[in-house]
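The file final_12.pdb contains PDB, C-alpha atoms:
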ATOM      1  CA  MET A1349     -22.103 -57.677  11.980
ATOM      2  CA  GLU A1350     -19.035 -59.577  13.150
ATOM      3  CA  THR A1351     -15.751 -57.736  13.762
ATOM      4  CA  PRO A1352     -13.042 -58.995  11.384
ATOM      5  CA  MET A1353      -9.889 -60.759  12.548
ATOM      6  CA  TRP A1354      -6.544 -59.345  11.432
ATOM      7  CA  SER A1355      -3.112 -60.935  11.369
ATOM      8  CA  ILE A1356      -0.434 -58.355  12.067
ATOM      9  CA  ASN A1357       3.279 -58.532  12.803
ATOM     10  CA  VAL A1358       4.421 -56.353  15.682
ATOM     11  CA  ASN A1359       7.976 -56.402  16.986
ATOM     12  CA  GLY A1360       8.706 -59.595  15.071
ATOM     13  CA  ARG A1361       5.745 -61.508  16.483
ATOM     14  CA  ASP A1362       2.533 -62.415  14.704
ATOM     15  CA  PHE A1363      -0.740 -61.486  16.398
ATOM     16  CA  ARG A1364      -4.382 -62.074  15.539
ATOM     17  CA  VAL A1365      -6.710 -59.338  16.716
ATOM     18  CA  SER A1366     -10.365 -58.588  16.266
ATOM     19  CA  ALA A1367     -10.956 -54.962  15.292
ATOM     20  CA  ALA A1368     -12.943 -52.798  12.921
ATOM     21  CA  PRO A1369     -10.938 -52.072   9.732
ATOM     22  CA  GLU A1370     -10.757 -48.359  10.528
ATOM     23  CA  MET A1371      -9.506 -48.847  14.114
ATOM     24  CA  PRO A1372      -6.262 -46.862  14.426
ATOM     25  CA  LEU A1373      -3.133 -48.928  14.932
ATOM     26  CA  LEU A1374      -2.423 -46.906  18.093
ATOM     27  CA  TRP A1375      -5.494 -48.348  19.810
ATOM     28  CA  VAL A1376      -4.740 -51.850  18.562
ATOM     29  CA  LEU A1377      -1.266 -51.558  20.089
ATOM     30  CA  ARG A1378      -2.320 -49.961  23.359
ATOM     31  CA  GLU A1379      -5.661 -51.607  24.072
ATOM     32  CA  LEU A1380      -5.551 -54.983  22.352
ATOM     33  CA  LEU A1381      -1.839 -55.838  22.535
ATOM     34  CA  ARG A1382      -1.118 -53.863  25.743
ATOM     35  CA  LEU A1383       1.938 -52.165  24.211
ATOM     36  CA  ARG A1384       1.773 -48.740  25.809
ATOM     37  CA  GLY A1385       4.967 -47.091  24.543
ATOM     38  CA  ALA A1386       3.259 -45.207  21.717
ATOM     39  CA  LYS A1387       1.223 -42.417  23.287
ATOM     40  CA  PHE A1388      -1.995 -40.670  22.309
ATOM     41  CA  GLY A1389      -1.285 -36.997  21.818
ATOM     42  CA  CYS A1390      -3.533 -35.338  19.281
ATOM     43  CA  GLY A1391      -5.252 -38.034  17.221
ATOM     44  CA  LYS A1392      -4.455 -36.078  14.046
ATOM     45  CA  ALA A1393      -0.847 -37.127  13.247
ATOM     46  CA  GLN A1394       0.359 -33.673  14.255
ATOM     47  CA  CYS A1395       2.372 -34.300  17.450
ATOM     48  CA  GLY A1396       4.328 -37.534  16.890
ATOM     49  CA  ALA A1397       3.671 -39.046  20.330
ATOM     50  CA  CYS A1398       2.237 -42.139  18.628
ATOM     51  CA  THR A1399       5.195 -42.727  16.275
ATOM     52  CA  VAL A1400       6.011 -46.323  15.365
ATOM     53  CA  HIS A1401       7.927 -47.852  12.471
ATOM     54  CA  LEU A1402       6.107 -49.411   9.537
ATOM     55  CA  GLU A1403       8.529 -51.314   7.337
ATOM     56  CA  GLY A1404      11.296 -49.212   8.934
ATOM     57  CA  ALA A1405       9.704 -45.807   8.276
ATOM     58  CA  ALA A1406       8.440 -43.560  11.068
ATOM     59  CA  VAL A1407       4.632 -43.268  10.879
ATOM     60  CA  ARG A1408       1.886 -41.867  13.080
ATOM     61  CA  SER A1409      -0.159 -44.756  14.418
ATOM     62  CA  CYS A1410      -3.091 -42.603  15.583
ATOM     63  CA  VAL A1411      -4.359 -42.177  12.009
ATOM     64  CA  LEU A1412      -3.143 -45.439  10.485
ATOM     65  CA  PRO A1413      -5.985 -47.993  10.308
ATOM     66  CA  ILE A1414      -5.243 -51.582  11.182
ATOM     67  CA  ALA A1415      -6.299 -52.605   7.664
ATOM     68  CA  ALA A1416      -3.281 -50.695   6.311
ATOM     69  CA  VAL A1417      -0.690 -52.694   8.261
ATOM     70  CA  VAL A1418      -1.672 -56.245   7.347
ATOM     71  CA  GLY A1419       1.319 -57.988   5.766
ATOM     72  CA  LYS A1420       3.749 -55.297   6.931
ATOM     73  CA  ARG A1421       6.231 -55.123   9.801
ATOM     74  CA  VAL A1422       5.290 -52.822  12.681
ATOM     75  CA  GLN A1423       7.865 -51.937  15.299
ATOM     76  CA  THR A1424       7.126 -50.105  18.526
ATOM     77  CA  ILE A1425       9.491 -48.613  21.090
ATOM     78  CA  GLU A1426       9.101 -51.841  23.089
ATOM     79  CA  GLY A1427      10.554 -53.835  20.210
ATOM     80  CA  LEU A1428      13.255 -51.411  19.173
ATOM     81  CA  GLU A1429      16.434 -53.106  20.287
ATOM     82  CA  SER A1430      19.443 -51.937  18.413
ATOM     83  CA  GLU A1431      22.790 -50.284  18.714
ATOM     84  CA  GLN A1432      21.091 -47.116  17.451
ATOM     85  CA  LEU A1433      18.551 -47.137  20.272
ATOM     86  CA  ARG A1434      21.235 -47.687  22.905
ATOM     87  CA  ALA A1435      23.296 -44.834  21.460
ATOM     88  CA  LEU A1436      20.243 -42.578  21.337
ATOM     89  CA  GLN A1437      19.178 -43.431  24.887
ATOM     90  CA  GLN A1438      22.663 -42.715  26.232
ATOM     91  CA  ALA A1439      22.855 -39.410  24.343
ATOM     92  CA  TRP A1440      19.320 -38.496  25.481
ATOM     93  CA  VAL A1441      20.389 -38.910  29.111
ATOM     94  CA  GLU A1442      23.699 -37.078  28.655
ATOM     95  CA  HIS A1443      21.956 -34.107  27.033
ATOM     96  CA  GLN A1444      18.999 -34.228  29.429
ATOM     97  CA  ALA A1445      16.618 -34.311  26.468
ATOM     98  CA  PRO A1446      13.619 -35.780  28.295
ATOM     99  CA  GLN A1447      11.789 -33.441  30.614
ATOM    100  CA  CYS A1448       8.231 -34.634  31.215
ATOM    101  CA  GLY A1449       8.987 -37.639  28.990
ATOM    102  CA  TYR A1450       5.585 -37.970  27.325
ATOM    103  CA  CYS A1451       6.836 -37.374  23.780
ATOM    104  CA  GLN A1452      10.080 -39.284  24.162
ATOM    105  CA  PRO A1453       9.042 -42.679  22.725
ATOM    106  CA  GLY A1454       7.902 -40.912  19.555
ATOM    107  CA  GLN A1455      11.016 -38.756  19.487
ATOM    108  CA  LEU A1456      13.252 -41.822  19.828
ATOM    109  CA  MET A1457      11.356 -43.721  17.132
ATOM    110  CA  SER A1458      11.733 -40.824  14.683
ATOM    111  CA  ALA A1459      15.416 -40.404  15.568
ATOM    112  CA  ALA A1460      16.077 -44.145  15.137
ATOM    113  CA  ALA A1461      14.413 -44.110  11.702
ATOM    114  CA  LEU A1462      16.541 -41.107  10.749
ATOM    115  CA  LEU A1463      19.812 -42.751  11.798
ATOM    116  CA  ALA A1464      18.865 -46.005  10.074
ATOM    117  CA  GLY A1465      18.762 -44.122   6.785
ATOM    118  CA  ASN A1466      21.320 -41.377   7.400
ATOM    119  CA  ALA A1467      24.401 -42.132   9.500
ATOM    120  CA  HIS A1468      25.637 -38.521   9.424
ATOM    121  CA  PRO A1469      22.613 -36.215   9.532
ATOM    122  CA  SER A1470      23.025 -32.452   9.304
ATOM    123  CA  ASP A1471      21.006 -30.049  11.443
ATOM    124  CA  ALA A1472      18.638 -29.642   8.498
ATOM    125  CA  ASP A1473      18.264 -33.433   8.162
ATOM    126  CA  ILE A1474      17.485 -33.746  11.860
ATOM    127  CA  ASP A1475      15.049 -30.854  11.812
ATOM    128  CA  ALA A1476      13.231 -32.343   8.814
ATOM    129  CA  ALA A1477      13.072 -35.852  10.302
ATOM    130  CA  MET A1478      11.943 -34.593  13.701
ATOM    131  CA  SER A1479       9.533 -31.910  12.463
ATOM    132  CA  GLY A1480       6.499 -34.118  13.096
ATOM    133  CA  ASN A1481       7.384 -34.582  16.768
ATOM    134  CA  LEU A1482       6.302 -31.912  19.205
ATOM    135  CA  CYS A1483       7.841 -31.442  22.638
ATOM    136  CA  ARG A1484       5.825 -29.304  25.022
ATOM    137  CA  CYS A1485       8.923 -28.893  27.191
ATOM    138  CA  GLY A1486      10.828 -27.396  24.246
ATOM    139  CA  THR A1487      13.960 -29.551  24.396
ATOM    140  CA  TYR A1488      14.502 -29.427  20.635
ATOM    141  CA  THR A1489      18.118 -28.210  20.814
ATOM    142  CA  ARG A1490      18.939 -30.940  23.320
ATOM    143  CA  ILE A1491      17.295 -33.554  21.117
ATOM    144  CA  ARG A1492      19.242 -32.343  18.069
ATOM    145  CA  ALA A1493      22.507 -32.437  20.056
ATOM    146  CA  ALA A1494      21.685 -35.935  21.310
ATOM    147  CA  ILE A1495      21.051 -37.178  17.766
ATOM    148  CA  HIS A1496      24.375 -35.735  16.610
ATOM    149  CA  GLU A1497      26.145 -37.392  19.546
ATOM    150  CA  ALA A1498      24.456 -40.735  18.910
ATOM    151  CA  ALA A1499      25.426 -40.556  15.216
ATOM    152  CA  ALA A1500      29.037 -39.749  16.131
ATOM    153  CA  GLY A1501      29.136 -42.605  18.646
ATOM    154  CA  LEU A1502      27.720 -45.048  16.118
ATOM    155  CA  ALA A1503      30.264 -43.903  13.506
ATOM    156  CA  HIS A1504      33.082 -44.334  16.031
ATOM    157  CA  ASN A1505      31.861 -47.830  16.944
ATOM    158  CA  ALA A1506      31.604 -48.749  13.249
ATOM    159  CA  LYS A1507      35.208 -47.650  12.646
ATOM    160  CA  GLY A1508      36.376 -49.696  15.632
ATOM    161  CA  ALA A1509      34.487 -52.765  14.418
ATOM    162  CA  ALA A1510      36.006 -52.428  10.941
ATOM    163  CA  ARG A1511      39.528 -52.684  12.291
TER     164      ARG A1511
END
Please render this file's structure as structure tokens.
Amino acid sequence: METPMWSINVNGRDFRVSAAPEMPLLWVLRELLRLRGAKFGCGKAQCGACTVHLEGAAVRSCVLPIAAVVGKRVQTIEGLESEQLRALQQAWVEHQAPQCGYCQPGQLMSAAALLAGNAHPSDADIDAAMSGNLCRCGTYTRIRAAIHEAAAGLAHNAKGAAR
């Protein structure tokens, strides 16, 4: 039996890949497209290390079959270029959020999706949005503080741009 070809859009570029319909998007990204930002953590959508955006929403790519992403926009940490990402990265460094760093691409992808839909998240909003991302180093309070700082910086920049 021949492996089907799929047309998928990743980071604004169209790709054709040959994969079984049930192949998880994570392996398509990492092994076929050589985009290694999304990490394998648990394989059960429980840790968030594999988080990518699908049509702007944070999803776990380890359980998402390639057949489910055809005709939709996929964005990985490699393709996430935005004012939000820059603000998050700066705040991450200032708050020393990354320790070992393994979970950080997934953390940043979830945080970017949160800020795209909620410019002024509360602690509860952040906790809810980030609840699917585990950090073995336990930097959750630093991550929350970094998200608040990034949101404040983005709000300040927006006010300055409006003037």
* List the neighbours of Ala1476 in chain A out to 12 Å using all atoms listed in the file; skip same-chain residues closer than 4 positions along the sequence, and give me the result as a list in words. => Ser1458, Ala1459, Leu1462, Pro1469, Ser1470, Asp1471, Ala1472, Gly1480, Asn1481 and Arg1492 of chain A
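Among A:Ser1366, A:Ser1355, A:Thr1399, A:Gln1444, the residue with the shortest atom-to-atom distance to Ala1460 in chain A, counting all atoms listed in the file, is A:Thr1399.
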* **Residues in the PyMOL selection byres ((chain A and resi 1374) around 9), expressed as a VMD selection string** => chain A and resid 1371 to 1373 1375 to 1379 1384 1386 to 1388 1398 to 1400 1408 to 1414
What's around Trp1354 in chain A at 9 Å? Count only C-alpha atoms, leave out sequence neighbours fewer than 6 positions away in its own chain, and write the answer as an mmCIF file with C-alpha atoms, keeping the file's coordinate frame.
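Dumped to out_4.cif:
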data_model
loop_
_atom_site.group_PDB
_atom_site.id
_atom_site.type_symbol
_atom_site.label_atom_id
_atom_site.label_comp_id
_atom_site.auth_asym_id
_atom_site.auth_seq_id
_atom_site.Cartn_x
_atom_site.Cartn_y
_atom_site.Cartn_z
ATOM 1 C CA PHE A 1363 -0.740 -61.486 16.398
ATOM 2 C CA ARG A 1364 -4.382 -62.074 15.539
ATOM 3 C CA VAL A 1365 -6.710 -59.338 16.716
ATOM 4 C CA SER A 1366 -10.365 -58.588 16.266
ATOM 5 C CA ALA A 1367 -10.956 -54.962 15.292
ATOM 6 C CA PRO A 1369 -10.938 -52.072 9.732
ATOM 7 C CA ILE A 1414 -5.243 -51.582 11.182
ATOM 8 C CA ALA A 1415 -6.299 -52.605 7.664
ATOM 9 C CA VAL A 1418 -1.672 -56.245 7.347
#
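Reported to one decimal place, the separation of CA of Ala1503 in chain A from CA of Leu1482 in chain A is 27.4 Å.
Residues with any atom within 12 Å of Cys1448 in chain A, counting only C-alpha atoms and excluding same-chain neighbours fewer than 5 positions away, are Pro1453, Cys1483, Arg1484, Cys1485, Gly1486 and Thr1487 of chain A.
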* To do: Report as number ranges by chain the full result of the PyMOL selection byres ((chain A and resi 1426) around 8) when it is applied to this structure.
  => A: 1359, 1383, 1385, 1423-1425, 1427-1429
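You can rank A:Ala1467, A:Asn1357, A:Pro1352, A:Val1441 by their closest distance to His1504 in chain A using only C-alpha atoms, and at the top of that list sits A:Ala1467.
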* Option closest in space to Val1407 in chain A, from A:Ser1430, A:Thr1351, A:Gln1447, A:Gln1394 [counting all atoms listed in the file] -> A:Gln1394
* Structure fact -> Of A:Asp1475, A:His1468, A:Arg1421, A:Leu1456, the one sitting nearest Ala1435 in chain A when using all atoms listed in the file is A:Leu1456
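With distances taken over all atoms listed in the file, A:Leu1436 is the one residue among A:Ala1477, A:Leu1436, A:Pro1446, A:Gly1465 lying closest to Gly1501 in chain A.
When CA of Ala1368 in chain A is paired with CA of Cys1390 in chain A, their separation reads 20.8 Å.
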Which centre and which edge lengths, in Å to one decimal, describe the axis-aligned box that holds all listed atoms of range 1389-1396 of chain A after 4 Å is added on each side, as lines of an AutoDock Vina configuration file?
center_x = -0.5
center_y = -35.9
center_z = 17.5
size_x = 17.6
size_y = 12.4
size_z = 16.6
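Interatomic distance, CA of Ala1494 in chain A to CA of Leu1402 in chain A: 23.7 Å.
Across A:Cys1451, A:Ala1406, A:Val1358, A:Leu1463, the tightest approach to Arg1382 in chain A is made by A:Val1358 when counting only C-alpha atoms.
Taking all atoms listed in the file into account, the protein, DNA and RNA residues within 7 Å of (19.9, -37.1, 21.4) read Leu1436, Ala1439, Trp1440, His1443, Ala1445, Arg1490, Ile1491, Arg1492, Ala1493, Ala1494, Ile1495, His1496, Glu1497 and Ala1498 of chain A.
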